Structure formats: structure tokens, C-alpha cells
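Asker: What follows is structure.csv, made up of CSV, C-alpha atoms and all ligand atoms:
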```
chain,number,residue,atom,x,y,z
V,29,MET,CA,2.2,-4.1,10.5
V,30,SER,CA,2.0,-7.4,8.7
V,31,ILE,CA,-1.0,-9.3,7.4
V,32,ILE,CA,-1.3,-13.0,7.5
V,33,ALA,CA,-4.1,-15.1,6.1
V,34,GLU,CA,-4.0,-18.8,6.7
V,35,ASN,CA,-6.4,-21.3,5.0
V,36,LEU,CA,-8.9,-18.5,4.7
V,37,THR,CA,-12.3,-19.6,3.3
V,38,TYR,CA,-15.3,-17.3,3.3
V,39,ILE,CA,-18.9,-18.4,2.5
V,40,TYR,CA,-21.7,-15.8,2.1
V,41,MET,CA,-25.1,-16.9,3.4
V,42,PRO,CA,-24.1,-20.5,4.3
V,43,GLY,CA,-26.8,-23.0,4.5
V,44,THR,CA,-29.2,-21.1,2.3
V,45,PRO,CA,-29.9,-21.5,-1.4
V,46,PHE,CA,-27.8,-18.4,-2.0
V,47,GLU,CA,-24.7,-19.9,-0.4
V,48,ARG,CA,-21.6,-18.8,-2.2
V,49,ALA,CA,-17.9,-19.5,-1.5
V,50,ALA,CA,-16.3,-16.2,-2.2
V,51,LEU,CA,-12.8,-17.2,-0.9
V,52,ARG,CA,-11.3,-20.7,-0.9
V,53,ASP,CA,-8.3,-21.6,1.1
V,54,ILE,CA,-6.3,-18.3,0.8
V,55,ASN,CA,-2.8,-18.2,2.1
V,56,LEU,CA,-0.8,-15.0,2.0
V,57,LYS,CA,1.6,-12.8,4.0
V,58,ILE,CA,2.0,-9.1,3.4
V,59,ASP,CA,4.9,-7.5,5.2
V,60,GLU,CA,5.1,-4.0,6.7
V,61,GLY,CA,5.8,-1.3,4.2
V,62,GLU,CA,4.9,-3.3,1.1
V,63,PHE,CA,2.9,-1.8,-1.7
V,64,VAL,CA,0.7,-4.6,-3.0
V,65,GLY,CA,-1.8,-4.6,-5.9
V,66,ILE,CA,-4.8,-7.0,-6.0
V,67,ILE,CA,-6.3,-7.7,-9.4
V,68,GLY,CA,-8.9,-10.0,-10.7
V,69,HIS,CA,-12.3,-10.1,-12.5
V,70,THR,CA,-15.4,-8.8,-10.9
V,71,GLY,CA,-16.6,-11.4,-8.5
V,72,SER,CA,-13.1,-13.0,-8.0
V,73,GLY,CA,-13.2,-12.1,-4.3
V,74,LYS,CA,-11.1,-9.0,-4.0
V,75,SER,CA,-13.5,-7.0,-1.9
V,76,THR,CA,-14.3,-10.0,0.3
V,77,LEU,CA,-10.6,-10.5,0.9
V,78,ILE,CA,-9.8,-7.0,2.0
V,79,GLN,CA,-12.8,-6.8,4.3
V,80,HIS,CA,-11.1,-9.6,6.3
V,81,PHE,CA,-8.1,-7.4,6.9
V,82,ASN,CA,-9.9,-5.2,9.4
V,83,GLY,CA,-12.2,-7.8,10.8
V,84,LEU,CA,-15.3,-6.5,9.0
V,85,LEU,CA,-15.8,-10.0,7.8
V,86,LYS,CA,-14.7,-13.1,9.8
V,87,PRO,CA,-13.3,-16.2,8.2
V,88,THR,CA,-15.7,-19.1,7.8
V,89,GLU,CA,-12.6,-21.2,8.1
V,90,GLY,CA,-9.0,-20.4,8.7
V,91,ARG,CA,-7.7,-17.2,10.2
V,92,VAL,CA,-6.5,-13.7,9.6
V,93,VAL,CA,-3.8,-12.2,11.8
V,94,ILE,CA,-2.9,-8.5,11.7
V,95,ASN,CA,0.3,-7.6,13.5
V,96,GLY,CA,-0.1,-10.6,15.8
V,97,MET,CA,-3.8,-9.8,16.4
V,98,ASP,CA,-6.4,-12.4,15.3
V,99,THR,CA,-9.4,-10.6,13.8
V,100,THR,CA,-11.8,-12.7,15.8
V,101,GLY,CA,-10.0,-11.6,19.0
V,102,LYS,CA,-10.9,-8.8,21.5
V,103,GLU,CA,-8.6,-6.2,19.9
V,104,LEU,CA,-11.1,-5.5,17.2
V,105,LYS,CA,-11.4,-1.8,18.0
V,106,GLU,CA,-7.6,-1.2,17.8
V,107,LEU,CA,-7.4,-3.3,14.6
V,108,ARG,CA,-10.1,-1.1,13.0
V,109,ARG,CA,-8.1,2.0,13.7
V,110,LEU,CA,-4.8,0.5,12.5
V,111,VAL,CA,-6.3,-0.7,9.2
V,112,GLY,CA,-7.9,2.0,7.2
V,113,ILE,CA,-10.1,0.9,4.3
V,114,VAL,CA,-11.3,3.2,1.5
V,115,PHE,CA,-14.3,1.3,0.1
V,116,GLN,CA,-15.4,1.5,-3.5
V,117,TYR,CA,-17.3,4.7,-4.2
V,118,PRO,CA,-16.6,6.0,-0.7
V,119,GLU,CA,-18.2,9.4,-1.5
V,120,HIS,CA,-21.6,7.6,-1.1
V,121,GLN,CA,-20.8,7.6,2.6
V,122,LEU,CA,-20.4,11.3,2.9
V,123,PHE,CA,-23.4,12.6,4.8
V,124,GLU,CA,-22.4,15.5,7.2
V,125,GLU,CA,-23.3,19.0,6.4
V,126,THR,CA,-19.7,20.1,6.0
V,127,VAL,CA,-16.5,18.5,4.7
V,128,TYR,CA,-14.9,19.3,8.0
V,129,LYS,CA,-17.5,17.3,9.9
V,130,ASP,CA,-17.3,14.4,7.5
V,131,ILE,CA,-13.5,14.1,7.9
V,132,ALA,CA,-13.8,14.6,11.7
V,133,PHE,CA,-16.4,11.8,12.0
V,134,GLY,CA,-13.9,9.0,12.7
V,135,LEU,CA,-12.0,11.1,15.2
V,136,ARG,CA,-15.0,11.4,17.5
V,137,LYS,CA,-14.0,8.4,19.6
V,138,GLN,CA,-10.4,9.6,20.0
V,139,ASP,CA,-9.4,11.7,23.0
V,140,LEU,CA,-8.5,14.9,21.1
V,141,THR,CA,-9.2,18.5,21.9
V,142,GLU,CA,-11.0,20.5,19.3
V,143,GLU,CA,-7.7,22.1,18.3
V,144,GLU,CA,-5.8,18.9,18.0
V,145,ALA,CA,-8.6,17.4,15.8
V,146,ARG,CA,-8.5,20.5,13.6
V,147,GLU,CA,-4.8,20.1,13.1
V,148,GLU,CA,-5.1,16.5,12.1
V,149,ILE,CA,-7.9,17.3,9.7
V,150,LEU,CA,-5.9,20.1,8.1
V,151,LYS,CA,-3.0,17.7,7.6
V,152,ALA,CA,-5.2,15.1,6.0
V,153,VAL,CA,-6.8,17.6,3.6
V,154,GLU,CA,-3.3,18.7,2.6
V,155,VAL,CA,-2.1,15.2,1.9
V,156,VAL,CA,-5.0,14.5,-0.5
V,157,GLY,CA,-4.2,17.8,-2.3
V,158,LEU,CA,-7.3,19.8,-1.3
V,159,ASN,CA,-7.3,23.5,-0.2
V,160,GLU,CA,-8.5,24.1,3.4
V,161,ASP,CA,-11.2,26.5,2.3
V,162,ILE,CA,-13.1,23.3,1.2
V,163,LEU,CA,-13.7,22.4,4.8
V,164,GLU,CA,-16.7,24.6,5.4
V,165,LYS,CA,-18.4,23.5,2.1
V,166,SER,CA,-21.1,20.9,1.9
V,167,PRO,CA,-19.7,17.6,0.4
V,168,PHE,CA,-22.6,17.8,-2.1
V,169,GLU,CA,-21.1,21.0,-3.7
V,170,LEU,CA,-17.9,19.2,-4.7
V,171,SER,CA,-16.8,17.6,-7.9
V,172,GLY,CA,-16.6,13.8,-8.1
V,173,GLY,CA,-12.8,13.8,-7.7
V,174,GLN,CA,-13.0,16.2,-4.7
V,175,LYS,CA,-15.6,14.0,-3.0
V,176,ARG,CA,-13.4,11.0,-3.4
V,177,ARG,CA,-10.5,12.8,-1.9
V,178,VAL,CA,-12.5,14.0,1.1
V,179,ALA,CA,-13.6,10.4,1.7
V,180,ILE,CA,-10.0,9.3,1.6
V,181,ALA,CA,-9.0,12.1,3.9
V,182,GLY,CA,-11.6,10.7,6.4
V,183,VAL,CA,-9.6,7.5,6.5
V,184,LEU,CA,-6.2,9.0,6.5
V,185,VAL,CA,-7.0,11.3,9.5
V,186,MET,CA,-7.1,8.1,11.6
V,187,LYS,CA,-3.4,7.6,10.8
V,188,PRO,CA,-3.8,4.0,9.8
V,189,SER,CA,-0.7,1.7,9.6
V,190,ILE,CA,-2.2,-0.2,6.8
V,191,LEU,CA,-4.1,1.6,4.0
V,192,ILE,CA,-6.4,-0.4,1.8
V,193,LEU,CA,-8.0,1.2,-1.2
V,194,ASP,CA,-10.7,-0.7,-3.2
V,195,GLU,CA,-10.8,0.6,-6.8
V,196,PRO,CA,-10.1,4.2,-5.6
V,197,THR,CA,-10.2,5.8,-9.0
V,198,ALA,CA,-13.2,4.0,-10.4
V,199,GLY,CA,-15.3,6.4,-12.5
V,200,LEU,CA,-12.8,9.2,-12.4
V,201,ASP,CA,-11.3,10.9,-15.5
V,202,PRO,CA,-7.5,10.4,-16.2
V,203,ARG,CA,-6.6,13.6,-14.3
V,204,GLY,CA,-8.6,12.7,-11.2
V,205,ARG,CA,-7.0,9.3,-11.4
V,206,ASP,CA,-3.5,10.7,-11.6
V,207,GLU,CA,-4.1,13.0,-8.7
V,208,ILE,CA,-5.2,10.2,-6.4
V,209,PHE,CA,-2.4,7.9,-7.4
V,210,GLY,CA,0.0,10.7,-7.0
V,211,PHE,CA,-0.7,11.1,-3.3
V,212,ILE,CA,-1.1,7.4,-2.7
V,213,THR,CA,2.4,6.9,-4.0
V,214,ARG,CA,3.6,9.7,-1.8
V,215,ILE,CA,1.9,8.4,1.3
V,216,HIS,CA,3.5,5.0,0.8
V,217,LYS,CA,7.0,6.5,0.3
V,218,GLU,CA,6.9,9.1,2.9
V,219,MET,CA,5.0,7.5,5.7
V,220,GLY,CA,6.3,4.0,5.0
V,221,ILE,CA,2.9,2.4,5.7
V,222,THR,CA,1.7,-0.8,4.1
V,223,VAL,CA,-0.6,0.0,1.1
V,224,ILE,CA,-2.9,-2.4,-0.7
V,225,LEU,CA,-4.5,-1.3,-3.9
V,226,VAL,CA,-7.4,-3.2,-5.5
V,227,SER,CA,-7.7,-2.4,-9.1
V,228,HIS,CA,-8.7,-3.9,-12.4
V,229,SER,CA,-6.4,-1.8,-14.4
V,230,MET,CA,-3.2,-3.6,-15.3
V,231,GLU,CA,-1.7,-0.3,-16.4
V,232,ASP,CA,-2.2,1.2,-13.0
V,233,ILE,CA,-1.0,-1.8,-11.2
V,234,ALA,CA,2.1,-2.0,-13.3
V,235,ARG,CA,3.2,1.5,-12.7
V,236,LEU,CA,2.4,1.7,-9.0
V,237,VAL,CA,3.0,-1.4,-7.0
V,238,ASP,CA,5.9,-3.7,-6.4
V,239,ARG,CA,4.0,-6.9,-5.9
V,240,VAL,CA,0.7,-8.1,-7.4
V,241,ILE,CA,-1.8,-10.7,-6.2
V,242,VAL,CA,-4.0,-12.1,-9.0
V,243,MET,CA,-7.3,-13.4,-7.8
V,244,ASN,CA,-9.5,-15.9,-9.7
V,245,GLU,CA,-12.8,-17.4,-8.5
V,246,GLY,CA,-11.9,-17.0,-4.8
V,247,THR,CA,-8.4,-18.3,-5.0
V,248,ILE,CA,-5.0,-16.7,-5.5
V,249,GLU,CA,-3.9,-17.5,-9.0
V,250,MET,CA,-0.6,-15.7,-9.0
V,251,ASP,CA,1.4,-13.8,-6.4
V,252,GLY,CA,4.7,-12.2,-7.2
V,253,ARG,CA,6.7,-9.2,-8.3
V,254,ILE,CA,5.3,-7.2,-11.2
V,255,GLU,CA,7.9,-8.5,-13.7
V,256,GLU,CA,7.3,-12.1,-12.7
V,257,VAL,CA,3.5,-12.0,-13.0
V,258,PHE,CA,3.3,-10.0,-16.2
V,259,ALA,CA,6.0,-12.1,-17.8
V,260,ASP,CA,3.5,-15.0,-17.7
V,261,ILE,CA,1.0,-13.6,-20.1
V,262,GLY,CA,-0.3,-17.1,-21.0
V,263,ARG,CA,-1.4,-17.7,-17.5
V,264,LEU,CA,-3.1,-14.3,-17.1
V,265,GLU,CA,-4.9,-15.0,-20.4
V,266,SER,CA,-6.0,-18.4,-19.3
V,267,ILE,CA,-8.1,-16.8,-16.6
V,268,GLY,CA,-9.4,-14.1,-19.0
V,269,LEU,CA,-7.0,-11.3,-17.9
V,270,SER,CA,-4.2,-9.7,-19.9
V,271,ALA,CA,-0.9,-8.0,-19.4
V,272,PRO,CA,-0.6,-4.2,-19.8
V,273,GLN,CA,-1.1,-3.2,-23.5
V,274,VAL,CA,2.4,-2.0,-23.8
V,275,ALA,CA,3.7,-5.5,-23.0
V,276,TYR,CA,2.1,-6.8,-26.2
V,277,LEU,CA,3.5,-3.9,-28.2
V,278,MET,CA,7.0,-4.7,-26.9
V,279,LYS,CA,6.6,-8.4,-27.7
V,280,ARG,CA,5.7,-7.5,-31.3
V,281,LEU,CA,8.7,-5.1,-31.6
V,282,LYS,CA,11.0,-7.8,-30.3
V,283,THR,CA,10.2,-9.9,-33.3
V,284,ILE,CA,11.4,-7.1,-35.6
V,285,CYS,CA,14.3,-5.9,-33.3
V,286,PRO,CA,15.6,-8.9,-31.4
V,287,GLY,CA,18.0,-6.7,-29.5
V,288,ILE,CA,15.3,-5.0,-27.3
V,289,ASN,CA,14.4,-6.1,-23.9
V,290,GLU,CA,10.6,-6.7,-24.1
V,291,LYS,CA,10.2,-7.3,-20.4
V,292,VAL,CA,8.9,-3.8,-19.5
V,293,TYR,CA,5.4,-3.2,-18.4
V,294,THR,CA,4.9,0.6,-18.3
V,295,VAL,CA,4.8,3.2,-21.0
V,296,SER,CA,7.7,5.1,-19.4
V,297,ALA,CA,9.9,2.0,-19.1
V,298,ALA,CA,9.1,1.2,-22.8
V,299,ARG,CA,10.1,4.7,-23.8
V,300,ASP,CA,13.4,4.3,-22.0
V,301,GLU,CA,14.1,0.9,-23.5
V,302,LEU,CA,13.3,2.1,-27.1
V,303,LEU,CA,15.4,5.2,-26.8
V,304,LYS,CA,18.3,3.1,-25.5
V,305,HIS,CA,17.9,0.7,-28.4
V,306,LEU,CA,17.7,3.4,-31.0
V,307,LYS,CA,20.7,5.2,-29.6
V,308,GLY,CA,22.6,2.0,-29.7
V,309,LYS,CA,21.8,1.8,-33.4
V,310,GLY,CA,23.2,5.3,-33.9
V,311,ALA,CA,19.8,6.9,-34.6
Q,401,LIG,N1,-22.9,-9.4,0.4
Q,401,LIG,C1,-22.9,-10.5,-0.4
Q,401,LIG,N2,-23.8,-11.4,-0.3
Q,401,LIG,C2,-23.7,-12.5,-1.1
Q,401,LIG,N3,-22.7,-12.8,-2.0
Q,401,LIG,C3,-21.8,-11.8,-2.1
Q,401,LIG,C4,-21.8,-10.6,-1.4
Q,401,LIG,N4,-20.7,-9.9,-1.7
Q,401,LIG,C5,-20.1,-10.5,-2.7
Q,401,LIG,N5,-20.7,-11.7,-2.9
Q,401,LIG,C6,-20.3,-12.7,-3.9
Q,401,LIG,O1,-19.0,-13.2,-3.5
Q,401,LIG,C7,-18.2,-13.3,-4.7
Q,401,LIG,C8,-16.9,-12.4,-4.5
Q,401,LIG,O2,-17.4,-11.0,-4.6
Q,401,LIG,P1,-16.4,-9.8,-4.3
Q,401,LIG,O3,-15.6,-10.1,-3.1
Q,401,LIG,O4,-17.3,-8.6,-4.3
Q,401,LIG,O5,-15.5,-9.8,-5.6
Q,401,LIG,P2,-14.7,-8.6,-6.3
Q,401,LIG,O6,-14.5,-7.5,-5.3
Q,401,LIG,O7,-13.5,-9.2,-6.8
Q,401,LIG,O8,-15.6,-8.1,-7.5
Q,401,LIG,C9,-19.0,-13.0,-5.9
Q,401,LIG,O9,-19.5,-14.2,-6.4
Q,401,LIG,C10,-20.1,-12.1,-5.3
Q,401,LIG,O10,-21.3,-12.3,-6.0
Q,402,MG,MG,-15.0,-5.5,-5.4
```
Would you mind giving the structure from this file in C-alpha cells?
Ligand SMILES: Nc1ncnc2c1ncn2[C@@H]1O[C@H](COP(=O)(O)OP(=O)(O)O)[C@@H](O)[C@H]1O
Ligand SMILES: [Mg+2]

Answerer:
Amino acid sequence: MSIIAENLTYIYMPGTPFERAALRDINLKIDEGEFVGIIGHTGSGKSTLIQHFNGLLKPTEGRVVINGMDTTGKELKELRRLVGIVFQYPEHQLFEETVYKDIAFGLRKQDLTEEEAREEILKAVEVVGLNEDILEKSPFELSGGQKRRVAIAGVLVMKPSILILDEPTAGLDPRGRDEIFGFITRIHKEMGITVILVSHSMEDIARLVDRVIVMNEGTIEMDGRIEEVFADIGRLESIGLSAPQVAYLMKRLKTICPGINEKVYTVSAARDELLKHLKGKGA
């Protein structure tokens, strides 16, 4: 499933004093199976952009085509099922009396027997790393991280071909964050689906995705492989962003040890590079 945006412009509340161009002339193509990160400041248009990918928002100008289907066309229902979006703070949308019913909610419109539905729900719960005894609990009894995972299971149970997550770890502690990123990485690898991760953490983006799209004031400022984008620290800084912290450390080290390769952007890659360098020096 590919995503194409052509000359996409979106204006909130056009013709009113509150008119606001949130996206301006966006062009992009995301291919099937890619793992793409979207970063940018608050207000740069990230959430507005992803809501175009399942037709929740319609372009003011230009078009969005998902797997050959224009989002303004009549296949909207199918499109909504194929593109699963986990919104920011998705736990705010849990409202049923049990976790089971919450995850089952999206399945209502599908032609499944009770048993088939149960099977799918059990699978989804397992993927997000929860125990099945959670199913009969009230969502309100759960921890923040558990609620978040239940909400994600509710999207996964629909078996989307494209999974979009808008700041999925916002407000979670490092452990909750690692658990969520763990299964997202697995889903991408094992199911081969297209995954789009919106985040403002350069560290998370650097260690998870292959390609990153940098948004700034409703436009795409940069779009490329992690190494390409993070190598241009000057450009990131010109729009008030920065590269992962470890990139700055490696740059400093390079001035002392010219032999090291400073083009690494994750802590684990930096560790490998430094060990290699030290071994080469007979340390
Ligand atoms: N529902 C809305 N009504 C009016 N303006 C909005 C709405 N949602 C977002 N905006 C504006 O559109 C711009 C882009 O917002 P958004 O897509 O939420 O950015 P991000 O997700 O990168 O923080 C911002 O200027 C924001 O204030
Ligand atoms: Mg947002």
C-alpha cells in the first residue's frame, strides 16, 4: 500500500478570521513496507498531514491517493479500514466497560462470528504485549501504559495495511516507551506493513525508522534517509530542531580523535564505533 500526496494544501476554517494554512503544497510518496518518521515542531502540520492519509481530512487543494484510491472518492470505508491511525493520547477514547469491548468496537461492522472476533482480539492483545486476563477489566483500572496499548490493539485488530502512530509514547516513562517501540518494530518487520511514526524525539526517530520527513510551518523541509537528514545539522538547527544528542558528542570527539566516524546517530552505533576505534588503538 503506497501513499501519494500531490500539491497538498490544507486550510483550517477558510474564509474566517481564524483561517490557517496548516499544509502548503506538500508532495511525497511513501512506498509499501517503509518505516517512516515524521518530525517537526508543534504546529508544523504533522497531525494535519496524517489525517489526510485515511481521508479524515480532505485536501483544500491537491490530492491524496492511497493504493490508487483518491481519498475524496467513494472507497472511503475501505480506505479507513486499510489505514489505521493511533491518535495522540488514544486512551482518551476508551469508553466501553471492558477492555474486550473496547478492542472489539471497530470489528462491529465486520462480518465475523463471536468466536472469530474473539480470536482476532486475543491476537491483537498478544501483539501489544498484554495478558489476556486484562480483557474483562475496565479500561479505567489500567495503568497509563496499559491503556495506551489497549488503544493500539483496537487499531491493530482491524489488520491495517498502513499503521500510523501520532506521538504514541507521549507522556510515558522510558520503560513504557520501550515496550511500545518494541512491538511497533516487530509489527513492521514481521507483518511487512507500512508504518508511519510521528514523534518529536530525534533519539527515537534515529533508532527506529529508515526514512525521516522533517516538517516546518506546513511544508516538508527535509525528506531522506536518517543518515542524510541528520548529517545536515545546520539545516535542522536553522528551523529550531537539532540532531540526536549523541551526534554532537561524536562531532566533538572527532576533533580530538580524527580517526573516528562521527556519522552515527544512535547510542548503540556510537558505542560500536568507539569500541572499534579504541581496539584499533590497541586499548
Ligand atoms: N482543528 C483545528 N482548527 C484550526 N486550526 C488547527 C486545528 N488543528 C490544527 N490547527 C492548526 O494547524 C497547524 C498545524 O497543526 P497540527 O497539524 O496539529 O501540527 P502538529 O501535529 O505538527 O503539532 C497549527 O497552526 C494549528 O494551530
Ligand atoms: Mg500533532

Asker: Show which residues sit within 8 Å of segment 98-114 of chain V, as a PDB file with C-alpha atoms, in the coordinates of the input. Count all atoms listed in the file, and ignore same-chain residues fewer than 6 positions away.

Answerer:
```pdb
ATOM      1  CA  HIS V  80     -11.100  -9.600   6.300  1.00  0.00           C
ATOM      2  CA  PHE V  81      -8.100  -7.400   6.900  1.00  0.00           C
ATOM      3  CA  ASN V  82      -9.900  -5.200   9.400  1.00  0.00           C
ATOM      4  CA  GLY V  83     -12.200  -7.800  10.800  1.00  0.00           C
ATOM      5  CA  LYS V  86     -14.700 -13.100   9.800  1.00  0.00           C
ATOM      6  CA  ARG V  91      -7.700 -17.200  10.200  1.00  0.00           C
ATOM      7  CA  VAL V  92      -6.500 -13.700   9.600  1.00  0.00           C
ATOM      8  CA  ALA V 179     -13.600  10.400   1.700  1.00  0.00           C
ATOM      9  CA  ILE V 180     -10.000   9.300   1.600  1.00  0.00           C
ATOM     10  CA  VAL V 183      -9.600   7.500   6.500  1.00  0.00           C
ATOM     11  CA  LEU V 184      -6.200   9.000   6.500  1.00  0.00           C
ATOM     12  CA  MET V 186      -7.100   8.100  11.600  1.00  0.00           C
ATOM     13  CA  LYS V 187      -3.400   7.600  10.800  1.00  0.00           C
ATOM     14  CA  PRO V 188      -3.800   4.000   9.800  1.00  0.00           C
ATOM     15  CA  SER V 189      -0.700   1.700   9.600  1.00  0.00           C
ATOM     16  CA  ILE V 190      -2.200  -0.200   6.800  1.00  0.00           C
ATOM     17  CA  LEU V 191      -4.100   1.600   4.000  1.00  0.00           C
ATOM     18  CA  ILE V 192      -6.400  -0.400   1.800  1.00  0.00           C
ATOM     19  CA  LEU V 193      -8.000   1.200  -1.200  1.00  0.00           C
ATOM     20  CA  ASP V 194     -10.700  -0.700  -3.200  1.00  0.00           C
ATOM     21  CA  PRO V 196     -10.100   4.200  -5.600  1.00  0.00           C
TER      22      PRO V 196
END
```

Asker: Please identify all protein, DNA and RNA residues within 12 Å of ligand MG 402 (chain Q), counting all atoms listed in the file, and report them as a PyMOL selection string.

Answerer: chain V and resi 50+66-79+114-117+193-196+198+225-228+243+246

Asker: Once you have the residues from the selection above, write them out as an mmCIF file, in the frame of the given file, restricted to C-alpha atoms.

Answerer:
```
data_model
loop_
_atom_site.group_PDB
_atom_site.id
_atom_site.type_symbol
_atom_site.label_atom_id
_atom_site.label_comp_id
_atom_site.auth_asym_id
_atom_site.auth_seq_id
_atom_site.Cartn_x
_atom_site.Cartn_y
_atom_site.Cartn_z
ATOM 1 C CA ALA V 50 -16.300 -16.200 -2.200
ATOM 2 C CA ILE V 66 -4.800 -7.000 -6.000
ATOM 3 C CA ILE V 67 -6.300 -7.700 -9.400
ATOM 4 C CA GLY V 68 -8.900 -10.000 -10.700
ATOM 5 C CA HIS V 69 -12.300 -10.100 -12.500
ATOM 6 C CA THR V 70 -15.400 -8.800 -10.900
ATOM 7 C CA GLY V 71 -16.600 -11.400 -8.500
ATOM 8 C CA SER V 72 -13.100 -13.000 -8.000
ATOM 9 C CA GLY V 73 -13.200 -12.100 -4.300
ATOM 10 C CA LYS V 74 -11.100 -9.000 -4.000
ATOM 11 C CA SER V 75 -13.500 -7.000 -1.900
ATOM 12 C CA THR V 76 -14.300 -10.000 0.300
ATOM 13 C CA LEU V 77 -10.600 -10.500 0.900
ATOM 14 C CA ILE V 78 -9.800 -7.000 2.000
ATOM 15 C CA GLN V 79 -12.800 -6.800 4.300
ATOM 16 C CA VAL V 114 -11.300 3.200 1.500
ATOM 17 C CA PHE V 115 -14.300 1.300 0.100
ATOM 18 C CA GLN V 116 -15.400 1.500 -3.500
ATOM 19 C CA TYR V 117 -17.300 4.700 -4.200
ATOM 20 C CA LEU V 193 -8.000 1.200 -1.200
ATOM 21 C CA ASP V 194 -10.700 -0.700 -3.200
ATOM 22 C CA GLU V 195 -10.800 0.600 -6.800
ATOM 23 C CA PRO V 196 -10.100 4.200 -5.600
ATOM 24 C CA ALA V 198 -13.200 4.000 -10.400
ATOM 25 C CA LEU V 225 -4.500 -1.300 -3.900
ATOM 26 C CA VAL V 226 -7.400 -3.200 -5.500
ATOM 27 C CA SER V 227 -7.700 -2.400 -9.100
ATOM 28 C CA HIS V 228 -8.700 -3.900 -12.400
ATOM 29 C CA MET V 243 -7.300 -13.400 -7.800
ATOM 30 C CA GLY V 246 -11.900 -17.000 -4.800
#
```

Asker: At what distance in Å, to one decimal, does atom C1 of ligand LIG 401 (chain Q) lie from atom CA of Ala181 of chain V?

Answerer: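 According to the coordinates, atom CA of Ala181 of chain V and atom C1 of ligand LIG 401 (chain Q) are separated by 26.9 Å.
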
Asker: Atom CA of Gly199 of chain V and atom CA of Ile54 of chain V are how many Å apart?

Answerer: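 Going from atom CA of Gly199 of chain V over to atom CA of Ile54 of chain V, I get 29.5 Å.
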
Asker: Around the point (-1.2, -12.5, -17.2) in the file's coordinates, collect all residues with an atom within 12 Å, using only C-alpha atoms, and return them as a ChimeraX atom specification.

Answerer: /V:67-68,230,234,240-244,249-252,254-273,275-276,293

Asker: Using all atoms listed in the file, which of V:Arg52, V:Arg177, V:Lys309, V:Arg253 sits nearest ligand LIG 401 (chain Q)?

Answerer: V:Arg52

Asker: Hey, what's within 12 Å of Ile58 of chain V if we count all atoms listed in the file and toss same-chain stuff fewer than 2 positions away? As JSON, numbers by chain, please?

Answerer: {"V": [29, 30, 31, 32, 33, 34, 55, 56, 60, 61, 62, 63, 64, 65, 66, 81, 92, 93, 94, 95, 190, 221, 222, 223, 224, 238, 239, 240, 241, 251, 252]}
